[in-house]
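Enquirer: Contents of start_37.tsv (TSV, C-alpha atoms and all ligand atoms):
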```tsv
chain	number	residue	atom	x	y	z
Y	1	MET	CA	0.00	0.00	0.00
Y	2	SER	CA	1.42	3.42	-0.85
Y	3	LYS	CA	1.37	6.25	1.64
Y	4	PHE	CA	-1.05	7.99	-0.69
Y	5	PHE	CA	-3.83	5.40	-0.54
Y	6	SER	CA	-6.96	6.98	0.86
Y	7	GLU	CA	-7.93	6.18	4.44
Y	8	LYS	CA	-11.39	5.48	3.03
Y	9	TYR	CA	-10.23	2.30	1.33
Y	10	LYS	CA	-7.43	1.05	3.56
Y	11	GLY	CA	-9.60	-1.65	5.14
Y	12	LEU	CA	-11.07	-2.86	1.85
Y	13	THR	CA	-10.62	-6.53	0.94
Y	14	PRO	CA	-11.16	-6.73	-2.82
Y	15	TYR	CA	-13.11	-9.49	-4.54
Y	16	THR	CA	-10.94	-12.41	-5.66
Y	17	PRO	CA	-11.88	-13.51	-9.18
Y	18	GLY	CA	-11.37	-17.14	-10.22
Y	19	GLU	CA	-7.98	-17.94	-11.74
Y	20	GLN	CA	-7.38	-17.32	-15.43
Y	21	PRO	CA	-4.14	-19.30	-15.80
Y	22	LYS	CA	-1.98	-18.71	-18.85
Y	23	GLU	CA	0.97	-20.99	-18.12
Y	24	ARG	CA	-0.82	-24.28	-18.67
Y	25	LYS	CA	-3.84	-25.43	-20.62
Y	26	PHE	CA	-6.50	-26.42	-18.13
Y	27	ILE	CA	-10.03	-27.64	-18.60
Y	28	LYS	CA	-11.48	-24.49	-17.09
Y	29	LEU	CA	-14.47	-25.20	-14.90
Y	30	ASN	CA	-13.81	-22.48	-12.34
Y	31	THR	CA	-15.47	-19.23	-13.46
Y	32	ASN	CA	-18.84	-20.29	-14.88
Y	33	GLU	CA	-18.02	-19.21	-18.41
Y	34	SER	CA	-19.84	-20.80	-21.34
Y	35	PRO	CA	-18.05	-23.68	-23.08
Y	36	TYR	CA	-19.49	-22.47	-26.38
Y	37	PRO	CA	-18.16	-19.63	-28.56
Y	38	PRO	CA	-20.12	-16.40	-28.93
Y	39	SER	CA	-22.79	-16.20	-31.62
Y	40	LYS	CA	-21.39	-15.50	-35.10
Y	41	LYS	CA	-23.78	-12.56	-35.23
Y	42	ALA	CA	-22.13	-11.11	-32.12
Y	43	ILE	CA	-18.62	-11.60	-33.54
Y	44	GLU	CA	-19.49	-10.02	-36.89
Y	45	ALA	CA	-21.24	-7.05	-35.29
Y	46	ALA	CA	-18.30	-6.43	-32.94
Y	47	ALA	CA	-15.81	-6.60	-35.83
Y	48	GLU	CA	-17.85	-4.05	-37.79
Y	49	ALA	CA	-18.09	-1.75	-34.78
Y	50	ALA	CA	-14.30	-1.93	-34.40
Y	51	GLY	CA	-14.04	0.08	-37.60
Y	52	CYS	CA	-15.62	3.09	-35.86
Y	53	LEU	CA	-13.61	3.06	-32.65
Y	54	GLN	CA	-12.54	6.68	-33.17
Y	55	LEU	CA	-16.01	7.62	-31.94
Y	56	TYR	CA	-17.34	7.32	-28.40
Y	57	SER	CA	-19.94	4.65	-27.85
Y	58	ASP	CA	-23.62	5.70	-27.66
Y	59	PRO	CA	-24.11	6.82	-24.04
Y	60	GLU	CA	-27.83	6.07	-24.37
Y	61	ALA	CA	-27.16	2.57	-25.76
Y	62	LYS	CA	-30.36	3.09	-27.73
Y	63	LEU	CA	-30.31	0.04	-30.01
Y	64	LEU	CA	-29.14	-2.29	-27.27
Y	65	HIS	CA	-31.73	-1.02	-24.80
Y	66	GLU	CA	-34.43	-1.53	-27.41
Y	67	LYS	CA	-33.33	-5.13	-28.05
Y	68	ILE	CA	-33.09	-5.95	-24.31
Y	69	ALA	CA	-36.50	-4.33	-23.73
Y	70	GLU	CA	-37.96	-6.50	-26.50
Y	71	LEU	CA	-36.41	-9.62	-24.93
Y	72	CYS	CA	-37.82	-8.76	-21.51
Y	73	GLY	CA	-41.22	-7.50	-22.65
Y	74	VAL	CA	-40.73	-4.01	-21.20
Y	75	THR	CA	-40.18	-0.52	-22.63
Y	76	PRO	CA	-36.62	0.76	-23.22
Y	77	ASP	CA	-36.88	3.29	-20.38
Y	78	CYS	CA	-37.02	0.30	-18.02
Y	79	VAL	CA	-33.56	-0.93	-19.09
Y	80	LEU	CA	-29.97	0.06	-18.30
Y	81	ALA	CA	-27.00	-1.73	-19.88
Y	82	THR	CA	-23.74	-1.81	-17.94
Y	83	ASN	CA	-20.15	-2.99	-18.04
Y	84	GLY	CA	-20.95	-6.51	-16.83
Y	85	SER	CA	-23.72	-7.03	-14.30
Y	86	ASP	CA	-21.15	-6.33	-11.61
Y	87	GLU	CA	-21.41	-2.68	-12.62
Y	88	ILE	CA	-25.18	-2.45	-12.22
Y	89	LEU	CA	-24.91	-4.24	-8.87
Y	90	ASN	CA	-22.36	-1.67	-7.75
Y	91	PHE	CA	-24.64	1.11	-9.04
Y	92	ALA	CA	-27.46	-0.38	-6.97
Y	93	PHE	CA	-25.33	-0.30	-3.82
Y	94	MET	CA	-24.45	3.33	-4.62
Y	95	ALA	CA	-28.01	4.37	-5.45
Y	96	PHE	CA	-30.11	2.45	-2.95
Y	97	CYS	CA	-27.98	1.84	0.15
Y	98	ASP	CA	-26.85	4.24	2.87
Y	99	ASP	CA	-26.86	4.50	6.67
Y	100	GLU	CA	-30.67	4.40	6.68
Y	101	HIS	CA	-30.92	1.68	4.05
Y	102	LEU	CA	-28.48	-1.05	4.97
Y	103	ALA	CA	-27.80	-3.84	2.45
Y	104	ILE	CA	-29.20	-7.27	3.34
Y	105	PHE	CA	-28.17	-10.54	1.69
Y	106	PRO	CA	-27.56	-14.22	2.55
Y	107	ASP	CA	-24.40	-15.24	4.40
Y	108	ILE	CA	-23.51	-17.56	1.54
Y	109	THR	CA	-23.92	-15.78	-1.77
Y	110	TYR	CA	-22.03	-13.88	-4.46
Y	111	GLY	CA	-18.86	-12.60	-2.79
Y	112	PHE	CA	-19.01	-9.23	-4.49
Y	113	TYR	CA	-22.03	-8.02	-2.44
Y	114	SER	CA	-20.01	-7.50	0.72
Y	115	VAL	CA	-17.18	-5.93	-1.30
Y	116	PHE	CA	-19.57	-3.43	-2.91
Y	117	ALA	CA	-21.05	-2.63	0.49
Y	118	GLU	CA	-17.59	-1.98	1.92
Y	119	LEU	CA	-16.43	-0.04	-1.13
Y	120	ASN	CA	-19.44	2.26	-0.82
Y	121	ARG	CA	-19.17	2.34	2.95
Y	122	VAL	CA	-22.72	1.19	3.51
Y	123	PRO	CA	-23.65	-1.02	6.45
Y	124	TYR	CA	-24.77	-4.54	5.63
Y	125	LYS	CA	-26.36	-7.50	7.34
Y	126	THR	CA	-26.07	-11.13	6.27
Y	127	VAL	CA	-28.89	-13.60	6.83
Y	128	PRO	CA	-27.83	-17.23	7.33
Y	129	LEU	CA	-29.02	-19.75	4.77
Y	130	SER	CA	-30.72	-22.84	6.24
Y	131	ASP	CA	-28.55	-25.91	6.88
Y	132	ASP	CA	-29.50	-27.27	3.47
Y	133	PHE	CA	-28.39	-23.94	1.91
Y	134	THR	CA	-31.92	-22.86	1.00
Y	135	ILE	CA	-33.15	-19.31	1.52
Y	136	ASN	CA	-35.97	-18.93	4.04
Y	137	ILE	CA	-38.02	-16.25	2.28
Y	138	GLU	CA	-39.69	-15.04	5.48
Y	139	ASP	CA	-36.28	-13.81	6.63
Y	140	TYR	CA	-36.60	-11.14	3.95
Y	141	PHE	CA	-40.19	-10.00	4.54
Y	142	ASN	CA	-40.24	-6.31	5.59
Y	143	ALA	CA	-36.48	-6.48	5.54
Y	144	GLY	CA	-35.84	-2.89	6.65
Y	145	GLY	CA	-33.10	-2.39	4.09
Y	146	THR	CA	-32.12	-3.01	0.48
Y	147	VAL	CA	-32.31	-6.72	-0.31
Y	148	PHE	CA	-29.86	-8.44	-2.66
Y	149	ILE	CA	-30.70	-12.00	-3.70
Y	150	ALA	CA	-28.93	-13.98	-6.38
Y	151	ASN	CA	-31.49	-16.26	-8.02
Y	152	PRO	CA	-30.28	-18.94	-8.59
Y	153	ASN	CA	-28.00	-18.31	-5.65
Y	154	ALA	CA	-24.24	-18.66	-6.02
Y	155	PRO	CA	-22.35	-20.83	-5.30
Y	156	THR	CA	-25.23	-23.14	-4.33
Y	157	GLY	CA	-27.22	-22.93	-7.59
Y	158	ILE	CA	-30.46	-23.21	-5.61
Y	159	CYS	CA	-33.37	-21.30	-7.11
Y	160	LEU	CA	-36.39	-19.61	-5.55
Y	161	SER	CA	-39.67	-19.84	-7.47
Y	162	LEU	CA	-41.20	-16.75	-9.03
Y	163	ASP	CA	-43.93	-16.94	-6.39
Y	164	GLU	CA	-41.38	-16.82	-3.61
Y	165	ILE	CA	-39.57	-13.89	-5.22
Y	166	GLU	CA	-42.87	-12.05	-5.56
Y	167	LYS	CA	-43.62	-12.55	-1.86
Y	168	ILE	CA	-40.29	-10.97	-0.94
Y	169	VAL	CA	-40.87	-8.05	-3.32
Y	170	ALA	CA	-44.49	-7.54	-2.23
Y	171	THR	CA	-43.61	-7.40	1.47
Y	172	ASN	CA	-40.91	-4.78	0.88
Y	173	GLN	CA	-42.78	-1.92	-0.77
Y	174	ASP	CA	-40.57	0.55	1.14
Y	175	ASN	CA	-37.32	-1.23	0.30
Y	176	VAL	CA	-35.61	-1.87	-3.01
Y	177	VAL	CA	-35.24	-5.57	-3.78
Y	178	VAL	CA	-32.46	-6.50	-6.21
Y	179	ILE	CA	-32.75	-9.92	-7.83
Y	180	ASP	CA	-29.46	-10.91	-9.46
Y	181	GLU	CA	-30.35	-13.31	-12.26
Y	182	ALA	CA	-26.85	-13.98	-13.61
Y	183	TYR	CA	-27.73	-17.69	-13.92
Y	184	ILE	CA	-31.46	-17.53	-14.61
Y	185	ASP	CA	-31.30	-18.97	-18.13
Y	186	PHE	CA	-30.30	-22.44	-16.92
Y	187	GLY	CA	-33.58	-23.47	-15.33
Y	188	GLY	CA	-35.02	-20.63	-13.24
Y	189	GLU	CA	-37.98	-18.39	-13.91
Y	190	SER	CA	-37.11	-14.72	-14.40
Y	191	ALA	CA	-38.71	-11.98	-12.34
Y	192	VAL	CA	-38.36	-9.32	-15.06
Y	193	GLY	CA	-42.12	-9.39	-15.67
Y	194	LEU	CA	-42.71	-8.35	-12.04
Y	195	THR	CA	-40.92	-5.04	-12.63
Y	196	LYS	CA	-44.06	-3.82	-14.40
Y	197	ARG	CA	-46.07	-4.23	-11.19
Y	198	TYR	CA	-43.52	-3.47	-8.46
Y	199	LYS	CA	-41.77	-0.12	-8.29
Y	200	ASN	CA	-39.27	-1.46	-5.73
Y	201	LEU	CA	-37.82	-4.26	-7.87
Y	202	LEU	CA	-34.57	-4.24	-9.84
Y	203	VAL	CA	-33.69	-7.39	-11.79
Y	204	THR	CA	-30.14	-7.74	-13.11
Y	205	GLN	CA	-28.88	-10.13	-15.76
Y	206	THR	CA	-25.68	-10.74	-17.68
Y	207	PHE	CA	-24.46	-11.68	-21.15
Y	208	SER	CA	-21.48	-13.46	-19.54
Y	209	LYS	CA	-23.01	-16.89	-19.05
Y	210	SER	CA	-25.88	-17.99	-21.32
Y	211	ARG	CA	-24.77	-15.63	-24.10
Y	212	SER	CA	-21.06	-16.61	-24.08
Y	213	MET	CA	-19.81	-13.03	-23.77
Y	214	ALA	CA	-17.97	-12.91	-20.43
Y	215	GLY	CA	-14.98	-11.19	-22.05
Y	216	ALA	CA	-17.14	-8.46	-23.58
Y	217	ARG	CA	-18.41	-7.31	-20.16
Y	218	LEU	CA	-22.10	-6.72	-20.66
Y	219	GLY	CA	-24.89	-6.80	-18.13
Y	220	PHE	CA	-28.15	-4.97	-17.61
Y	221	GLY	CA	-30.87	-4.07	-15.17
Y	222	VAL	CA	-34.64	-3.99	-15.63
Y	223	ALA	CA	-36.83	-1.92	-13.31
Y	224	CYS	CA	-39.50	0.78	-13.37
Y	225	PRO	CA	-38.38	4.02	-15.10
Y	226	GLU	CA	-37.90	5.83	-11.74
Y	227	LEU	CA	-35.34	3.30	-10.48
Y	228	ILE	CA	-33.62	3.28	-13.87
Y	229	ARG	CA	-33.38	7.08	-13.72
Y	230	ASP	CA	-31.66	6.84	-10.32
Y	231	LEU	CA	-29.22	4.29	-11.70
Y	232	ASN	CA	-28.60	6.56	-14.69
Y	233	THR	CA	-27.72	9.40	-12.32
Y	234	ILE	CA	-24.97	7.15	-10.95
Y	235	LYS	CA	-23.92	6.02	-14.42
Y	236	TYR	CA	-23.65	9.57	-15.80
Y	237	SER	CA	-21.70	10.57	-12.69
Y	238	THR	CA	-19.12	7.83	-13.18
Y	239	ASN	CA	-18.84	6.81	-16.83
Y	240	PRO	CA	-21.44	7.79	-19.46
Y	241	TYR	CA	-19.69	5.49	-21.96
Y	242	ASN	CA	-19.73	2.49	-19.66
Y	243	VAL	CA	-20.48	0.02	-22.47
Y	244	ASN	CA	-17.97	0.16	-25.33
Y	245	SER	CA	-19.21	0.16	-28.91
Y	246	MET	CA	-17.90	-3.31	-29.84
Y	247	THR	CA	-19.62	-4.84	-26.86
Y	248	MET	CA	-22.80	-2.91	-27.56
Y	249	ALA	CA	-22.84	-4.17	-31.14
Y	250	ALA	CA	-22.09	-7.72	-30.03
Y	251	GLY	CA	-24.94	-7.50	-27.54
Y	252	VAL	CA	-27.38	-6.49	-30.26
Y	253	GLY	CA	-25.94	-9.24	-32.48
Y	254	VAL	CA	-26.43	-12.04	-29.96
Y	255	LEU	CA	-29.96	-10.87	-29.21
Y	256	CYS	CA	-30.72	-11.42	-32.91
Y	257	ASP	CA	-29.67	-15.04	-32.41
Y	258	GLU	CA	-31.90	-16.21	-29.56
Y	259	GLU	CA	-32.17	-19.70	-31.02
Y	260	TYR	CA	-28.41	-20.14	-30.60
Y	261	THR	CA	-28.60	-18.98	-26.97
Y	262	ARG	CA	-31.53	-21.26	-26.22
Y	263	SER	CA	-29.83	-24.25	-27.80
Y	264	ASN	CA	-26.61	-23.62	-25.80
Y	265	CYS	CA	-28.60	-23.34	-22.57
Y	266	ALA	CA	-30.34	-26.63	-23.34
Y	267	SER	CA	-26.93	-28.28	-23.88
Y	268	VAL	CA	-25.57	-26.89	-20.60
Y	269	ILE	CA	-28.66	-28.14	-18.76
Y	270	ALA	CA	-28.31	-31.60	-20.33
Y	271	ASN	CA	-24.59	-31.67	-19.45
Y	272	ARG	CA	-25.37	-30.60	-15.89
Y	273	GLU	CA	-27.90	-33.40	-15.47
Y	274	TYR	CA	-25.45	-35.90	-16.98
Y	275	ALA	CA	-22.59	-34.82	-14.71
Y	276	MET	CA	-24.79	-34.71	-11.62
Y	277	ALA	CA	-26.05	-38.24	-12.23
Y	278	GLU	CA	-22.46	-39.48	-12.68
Y	279	LEU	CA	-21.23	-37.65	-9.58
Y	280	LYS	CA	-24.14	-38.99	-7.56
Y	281	ALA	CA	-23.24	-42.51	-8.60
Y	282	LEU	CA	-19.72	-41.81	-7.30
Y	283	GLY	CA	-21.07	-40.83	-3.89
Y	284	PHE	CA	-21.10	-37.03	-4.22
Y	285	GLU	CA	-23.68	-34.91	-2.44
Y	286	MET	CA	-24.97	-31.94	-4.39
Y	287	THR	CA	-27.41	-29.09	-4.11
Y	288	ASN	CA	-30.28	-28.93	-6.60
Y	289	SER	CA	-28.51	-26.56	-8.98
Y	290	LYS	CA	-30.46	-24.65	-11.59
Y	291	ALA	CA	-27.33	-22.80	-12.70
Y	292	ASN	CA	-24.45	-23.57	-15.07
Y	293	PHE	CA	-22.44	-24.99	-12.18
Y	294	ILE	CA	-22.64	-27.88	-9.74
Y	295	PHE	CA	-21.96	-27.49	-6.02
Y	296	ALA	CA	-20.65	-30.81	-4.77
Y	297	LYS	CA	-18.91	-32.50	-1.87
Y	298	HIS	CA	-17.80	-36.05	-1.22
Y	299	PRO	CA	-18.27	-37.68	2.19
Y	300	CYS	CA	-14.83	-39.32	2.12
Y	301	ILE	CA	-12.49	-36.73	0.56
Y	302	ASP	CA	-11.85	-33.20	1.72
Y	303	GLY	CA	-13.05	-30.47	-0.66
Y	304	GLY	CA	-9.65	-28.80	-0.81
Y	305	GLU	CA	-8.01	-32.14	-1.59
Y	306	ILE	CA	-10.38	-32.77	-4.51
Y	307	TYR	CA	-9.67	-29.28	-5.83
Y	308	LEU	CA	-5.90	-29.87	-5.72
Y	309	ALA	CA	-6.09	-33.38	-7.16
Y	310	LEU	CA	-8.21	-32.13	-10.08
Y	311	ARG	CA	-5.80	-29.25	-10.64
Y	312	GLU	CA	-2.95	-31.76	-10.77
Y	313	LYS	CA	-4.88	-33.56	-13.52
Y	314	GLY	CA	-5.40	-30.34	-15.50
Y	315	ILE	CA	-8.95	-29.53	-14.40
Y	316	LEU	CA	-9.68	-26.28	-12.63
Y	317	VAL	CA	-12.73	-25.95	-10.38
Y	318	ARG	CA	-13.52	-23.35	-7.71
Y	319	HIS	CA	-12.92	-24.15	-4.08
Y	320	PHE	CA	-14.15	-21.75	-1.41
Y	321	THR	CA	-12.74	-21.69	2.09
Y	322	GLY	CA	-15.77	-20.21	3.88
Y	323	GLU	CA	-16.62	-22.12	7.03
Y	324	ARG	CA	-19.86	-23.75	5.94
Y	325	ILE	CA	-18.78	-24.50	2.38
Y	326	SER	CA	-15.15	-25.58	2.64
Y	327	GLN	CA	-16.03	-29.19	1.85
Y	328	TYR	CA	-17.60	-28.16	-1.45
Y	329	ASN	CA	-16.32	-27.41	-4.90
Y	330	ARG	CA	-18.18	-25.34	-7.45
Y	331	ILE	CA	-17.80	-26.98	-10.83
Y	332	THR	CA	-18.79	-25.07	-13.96
Y	333	VAL	CA	-20.84	-27.12	-16.39
Y	334	GLY	CA	-18.85	-27.32	-19.60
Y	335	SER	CA	-19.23	-29.25	-22.84
Y	336	ARG	CA	-20.12	-32.96	-22.72
Y	337	GLU	CA	-16.45	-33.83	-23.42
Y	338	GLN	CA	-15.28	-31.63	-20.55
Y	339	MET	CA	-17.79	-33.25	-18.21
Y	340	GLN	CA	-16.63	-36.71	-19.30
Y	341	ALA	CA	-13.02	-35.70	-18.61
Y	342	LEU	CA	-14.08	-34.43	-15.19
Y	343	ILE	CA	-15.84	-37.67	-14.30
Y	344	SER	CA	-12.85	-39.78	-15.46
Y	345	ALA	CA	-10.47	-37.64	-13.40
Y	346	ILE	CA	-12.69	-37.94	-10.33
Y	347	LYS	CA	-12.89	-41.72	-10.77
Y	348	GLU	CA	-9.08	-41.82	-10.80
Y	349	ILE	CA	-8.89	-39.66	-7.68
Y	350	LEU	CA	-11.35	-41.91	-5.84
Y	351	GLU	CA	-9.42	-44.97	-7.00
Y	352	GLU	CA	-6.09	-43.49	-5.83
Y	353	LYS	CA	-7.66	-42.77	-2.46
Y	354	LYS	CA	-8.65	-46.40	-1.83
I	1	LIG	N1	-23.86	-12.17	-10.09
I	1	LIG	C1	-23.43	-13.39	-9.79
I	1	LIG	C2	-24.21	-14.21	-8.82
I	1	LIG	C3	-22.26	-13.89	-10.38
I	1	LIG	O1	-21.80	-15.10	-10.06
I	1	LIG	C4	-21.57	-13.08	-11.31
I	1	LIG	C5	-20.34	-13.62	-12.02
I	1	LIG	N2	-19.20	-13.72	-11.34
I	1	LIG	C6	-22.05	-11.81	-11.55
I	1	LIG	C7	-23.20	-11.37	-10.95
I	1	LIG	C8	-21.32	-10.83	-12.43
I	1	LIG	O2	-21.16	-11.23	-13.72
I	1	LIG	P1	-20.77	-10.24	-14.87
I	1	LIG	O3	-20.15	-9.00	-14.25
I	1	LIG	O4	-19.81	-11.00	-15.71
I	1	LIG	O5	-22.03	-9.90	-15.58
```
Just dump the structure as structure tokens.
Ligand code: PMP

Expert:
Amino acid sequence: MSKFFSEKYKGLTPYTPGEQPKERKFIKLNTNESPYPPSKKAIEAAAEAAGCLQLYSDPEAKLLHEKIAELCGVTPDCVLATNGSDEILNFAFMAFCDDEHLAIFPDITYGFYSVFAELNRVPYKTVPLSDDFTINIEDYFNAGGTVFIANPNAPTGICLSLDEIEKIVATNQDNVVVIDEAYIDFGGESAVGLTKRYKNLLVTQTFSKSRSMAGARLGFGVACPELIRDLNTIKYSTNPYNVNSMTMAAGVGVLCDEEYTRSNCASVIANREYAMAELKALGFEMTNSKANFIFAKHPCIDGGEIYLALREKGILVRHFTGERISQYNRITVGSREQMQALISAIKEILEEKK
């Protein structure tokens, strides 16, 4: 730390992203990326946009907002595109949390929530998940603060039903409820439609997972126009050109190729079910994941040991050290071949352990 670093941030522990190793070719199942390439329409549109990089990107992201609005069945003034969904989540902490509106989220969830709270110096409260890692929705009724729920949750993959989400939103008319749907396209039911009826609901989604564009950094929020205006105040006070023009074009491109997205999601779901059945047969215990990852532990081998043994065999998964989840690994669902390689490697590890 330099002597110049602001007092404000000295205590900040930044988010630790999953490894992106360059030195060795791994089967990468650690950051929930898509195993499939981006849509050709996205690639072509980005390449064309590259020819105009002397110009700033459209700060209003008009075309992209129109396409997202069409996808979500809302009007464009209900949409805000951002630099990954991390950015809109940060905007939400900036816009809707302060000393009177503390942030509230589960104790086991996306690690960035507590980082954003600390970065923005807003108080936060964590609510313990049940022993089986499910969310008890009543814990969030009349929450008395801004609620952040990842649905499906991460790293558990467990999903709340639309009914349950609505109950949380309906009992918090005086609080903003943020539903982070980064993984919604792999089996959950989106709450975007509820934004037309609830003025306290912000739903966020990303192009990083189901749309194979993690490297482009594109996310968005859907809410009533008043909430979107607040978020725009933050956006125009930080970076009006938050989405670059290649990414914006790629986003429009992939939204013109919904069939490709749907077919990739169906493959990921099929590969998840395949891998879960195989892992179950090998004795693993897993949550009921509706995301593009599996959250698994084995009764006989330590979670950290499995992580290291897989790494040794060229397969990267994500191991967390948090107290309640240290026996688990979060395994991204990849292609069928990657899942077969994972299962073979795990069989070898179990064999070596005998
Ligand atoms: N929410 C959750 C629950 C996530 O796991 C992630 C991905 N790490 C994000 C949001 C952010 O994704 P992105 O910024 O790539 O849109």

Enquirer: Could you state the separation of atom CA of Glu164 of chain Y and atom CA of Ile137 of chain Y in Å, given to one decimal place?

Expert: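 Between these atoms lies a distance of 6.8 Å.
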
Enquirer: Please, which residues have at least one atom within 8 Å of an atom of ligand LIG 1 (chain I), using only C-alpha atoms and all ligand atoms, listed as a ChimeraX atom specification?

Expert: /Y:17,31-32,83-87,89,109-110,112,150-155,180-183,205-209,214-215,217-219

Enquirer: Which residues come within 12 Å of segment 65-78 of chain Y, counting only C-alpha atoms, excluding same-chain residues fewer than 3 positions away, as a PyMOL selection string?

Expert: chain Y and resi 58-62+81-82+190-197+199+201-207+218-232+243+248-258

Enquirer: Hey, can you spit out that residue selection with C-alpha atoms as a CSV table (one decimal), in the frame of the given file?

Expert:
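Now in part-v3.csv:
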```
chain,number,residue,atom,x,y,z
Y,58,ASP,CA,-23.6,5.7,-27.7
Y,59,PRO,CA,-24.1,6.8,-24.0
Y,60,GLU,CA,-27.8,6.1,-24.4
Y,61,ALA,CA,-27.2,2.6,-25.8
Y,62,LYS,CA,-30.4,3.1,-27.7
Y,81,ALA,CA,-27.0,-1.7,-19.9
Y,82,THR,CA,-23.7,-1.8,-17.9
Y,190,SER,CA,-37.1,-14.7,-14.4
Y,191,ALA,CA,-38.7,-12.0,-12.3
Y,192,VAL,CA,-38.4,-9.3,-15.1
Y,193,GLY,CA,-42.1,-9.4,-15.7
Y,194,LEU,CA,-42.7,-8.4,-12.0
Y,195,THR,CA,-40.9,-5.0,-12.6
Y,196,LYS,CA,-44.1,-3.8,-14.4
Y,197,ARG,CA,-46.1,-4.2,-11.2
Y,199,LYS,CA,-41.8,-0.1,-8.3
Y,201,LEU,CA,-37.8,-4.3,-7.9
Y,202,LEU,CA,-34.6,-4.2,-9.8
Y,203,VAL,CA,-33.7,-7.4,-11.8
Y,204,THR,CA,-30.1,-7.7,-13.1
Y,205,GLN,CA,-28.9,-10.1,-15.8
Y,206,THR,CA,-25.7,-10.7,-17.7
Y,207,PHE,CA,-24.5,-11.7,-21.2
Y,218,LEU,CA,-22.1,-6.7,-20.7
Y,219,GLY,CA,-24.9,-6.8,-18.1
Y,220,PHE,CA,-28.2,-5.0,-17.6
Y,221,GLY,CA,-30.9,-4.1,-15.2
Y,222,VAL,CA,-34.6,-4.0,-15.6
Y,223,ALA,CA,-36.8,-1.9,-13.3
Y,224,CYS,CA,-39.5,0.8,-13.4
Y,225,PRO,CA,-38.4,4.0,-15.1
Y,226,GLU,CA,-37.9,5.8,-11.7
Y,227,LEU,CA,-35.3,3.3,-10.5
Y,228,ILE,CA,-33.6,3.3,-13.9
Y,229,ARG,CA,-33.4,7.1,-13.7
Y,230,ASP,CA,-31.7,6.8,-10.3
Y,231,LEU,CA,-29.2,4.3,-11.7
Y,232,ASN,CA,-28.6,6.6,-14.7
Y,243,VAL,CA,-20.5,0.0,-22.5
Y,248,MET,CA,-22.8,-2.9,-27.6
Y,249,ALA,CA,-22.8,-4.2,-31.1
Y,250,ALA,CA,-22.1,-7.7,-30.0
Y,251,GLY,CA,-24.9,-7.5,-27.5
Y,252,VAL,CA,-27.4,-6.5,-30.3
Y,253,GLY,CA,-25.9,-9.2,-32.5
Y,254,VAL,CA,-26.4,-12.0,-30.0
Y,255,LEU,CA,-30.0,-10.9,-29.2
Y,256,CYS,CA,-30.7,-11.4,-32.9
Y,257,ASP,CA,-29.7,-15.0,-32.4
Y,258,GLU,CA,-31.9,-16.2,-29.6
```

Enquirer: With distances taken over only C-alpha atoms, which residue among Y:Thr126, Y:Glu337, Y:Ala216, Y:Ile234 lies nearest Phe91 of chain Y?

Expert: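 Smallest distance to Phe91 of chain Y is found for Y:Ile234.
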
Enquirer: Between atom CA of Gly322 of chain Y and atom CA of Tyr140 of chain Y, what is the distance in Å, rounded to a tenth?

Expert: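 The value is 22.7 Å.
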
Enquirer: Considering all atoms listed in the file, return as a PyMOL selection string whatever protein or nucleic-acid residues lie within 9 Å of segment 260-270 of chain Y, sequence-local ones (same chain, fewer than 2 positions apart) excluded.

Expert: chain Y and resi 34-36+39+185-187+210-212+254-255+257-258+272-275+290-292+333-336

Enquirer: Please list as a PyMOL selection string every residue within 9 Å of Ala50 of chain Y, counting only C-alpha atoms and excluding residues in the same chain fewer than 4 positions away.

Expert: chain Y and resi 45-46+54+245-246

Enquirer: Using atom CA of Gly303 of chain Y and atom CA of Ile135 of chain Y as the two end points, give the distance in Å to one decimal.

Expert: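 It comes out at 23.1 Å.
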
Enquirer: Using only C-alpha atoms, determine which residues lie at most 9 Å from Pro128 of chain Y, disregarding the query and same-chain residues fewer than 3 positions distant; provide the list as JSON, numbers by chain.

Expert: {"Y": [105, 106, 107, 108, 131, 133, 135, 136]}

Enquirer: Quick one: 3 Å padding each side, axis-aligned, all listed atoms of segment 192-196 of chain Y - centre and edge lengths in Å to one decimal, as JSON?

Expert:
```
{"center_x": -41.2, "center_y": -6.6, "center_z": -13.9, "size_x": 11.7, "size_y": 11.6, "size_z": 9.6}
```

Enquirer: So, with all atoms listed in the file as the atoms that count, which of Y:Glu138, Y:Thr233, Y:Leu129, Y:Ala170 lies closest to Phe96 of chain Y?

Expert: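 Closest candidate: Y:Thr233.
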
Enquirer: With all atoms listed in the file as the atoms that count, which of Y:Val317, Y:Ile184, Y:Ala309, Y:Leu55 lies nearest to Leu29 of chain Y?

Expert: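 For Leu29 of chain Y, the nearest of the candidates is Y:Val317.
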
Enquirer: Between Y:Phe5, Y:Tyr15, Y:Tyr56, Y:Tyr307, which is the closest to Tyr241 of chain Y once you count all atoms listed in the file?

Expert: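 Nearest candidate to Tyr241 of chain Y out of Y:Phe5, Y:Tyr15, Y:Tyr56, Y:Tyr307: Y:Tyr56.
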
Enquirer: Fewer than 2 positions away in the same chain doesn't count, so skip those; otherwise give me all residues within 12 Å of Ser344 of chain Y, counting all atoms listed in the file, as a PyMOL selection string.

Expert: chain Y and resi 275+278-279+282+310+313+315+337-342+346-351

Enquirer: So, with only C-alpha atoms as the atoms that count, which of Y:Asn30, Y:Thr156, Y:Met213, Y:Thr13 lies closest to Tyr113 of chain Y?

Expert: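 Residue with the minimum atom-to-atom distance to Tyr113 of chain Y: Y:Thr13.
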
Enquirer: Using only C-alpha atoms, find the one residue out of Y:Ile43, Y:Ile306, Y:Gly314, Y:Tyr328 that sits nearest to Lys353 of chain Y.

Expert: Y:Ile306
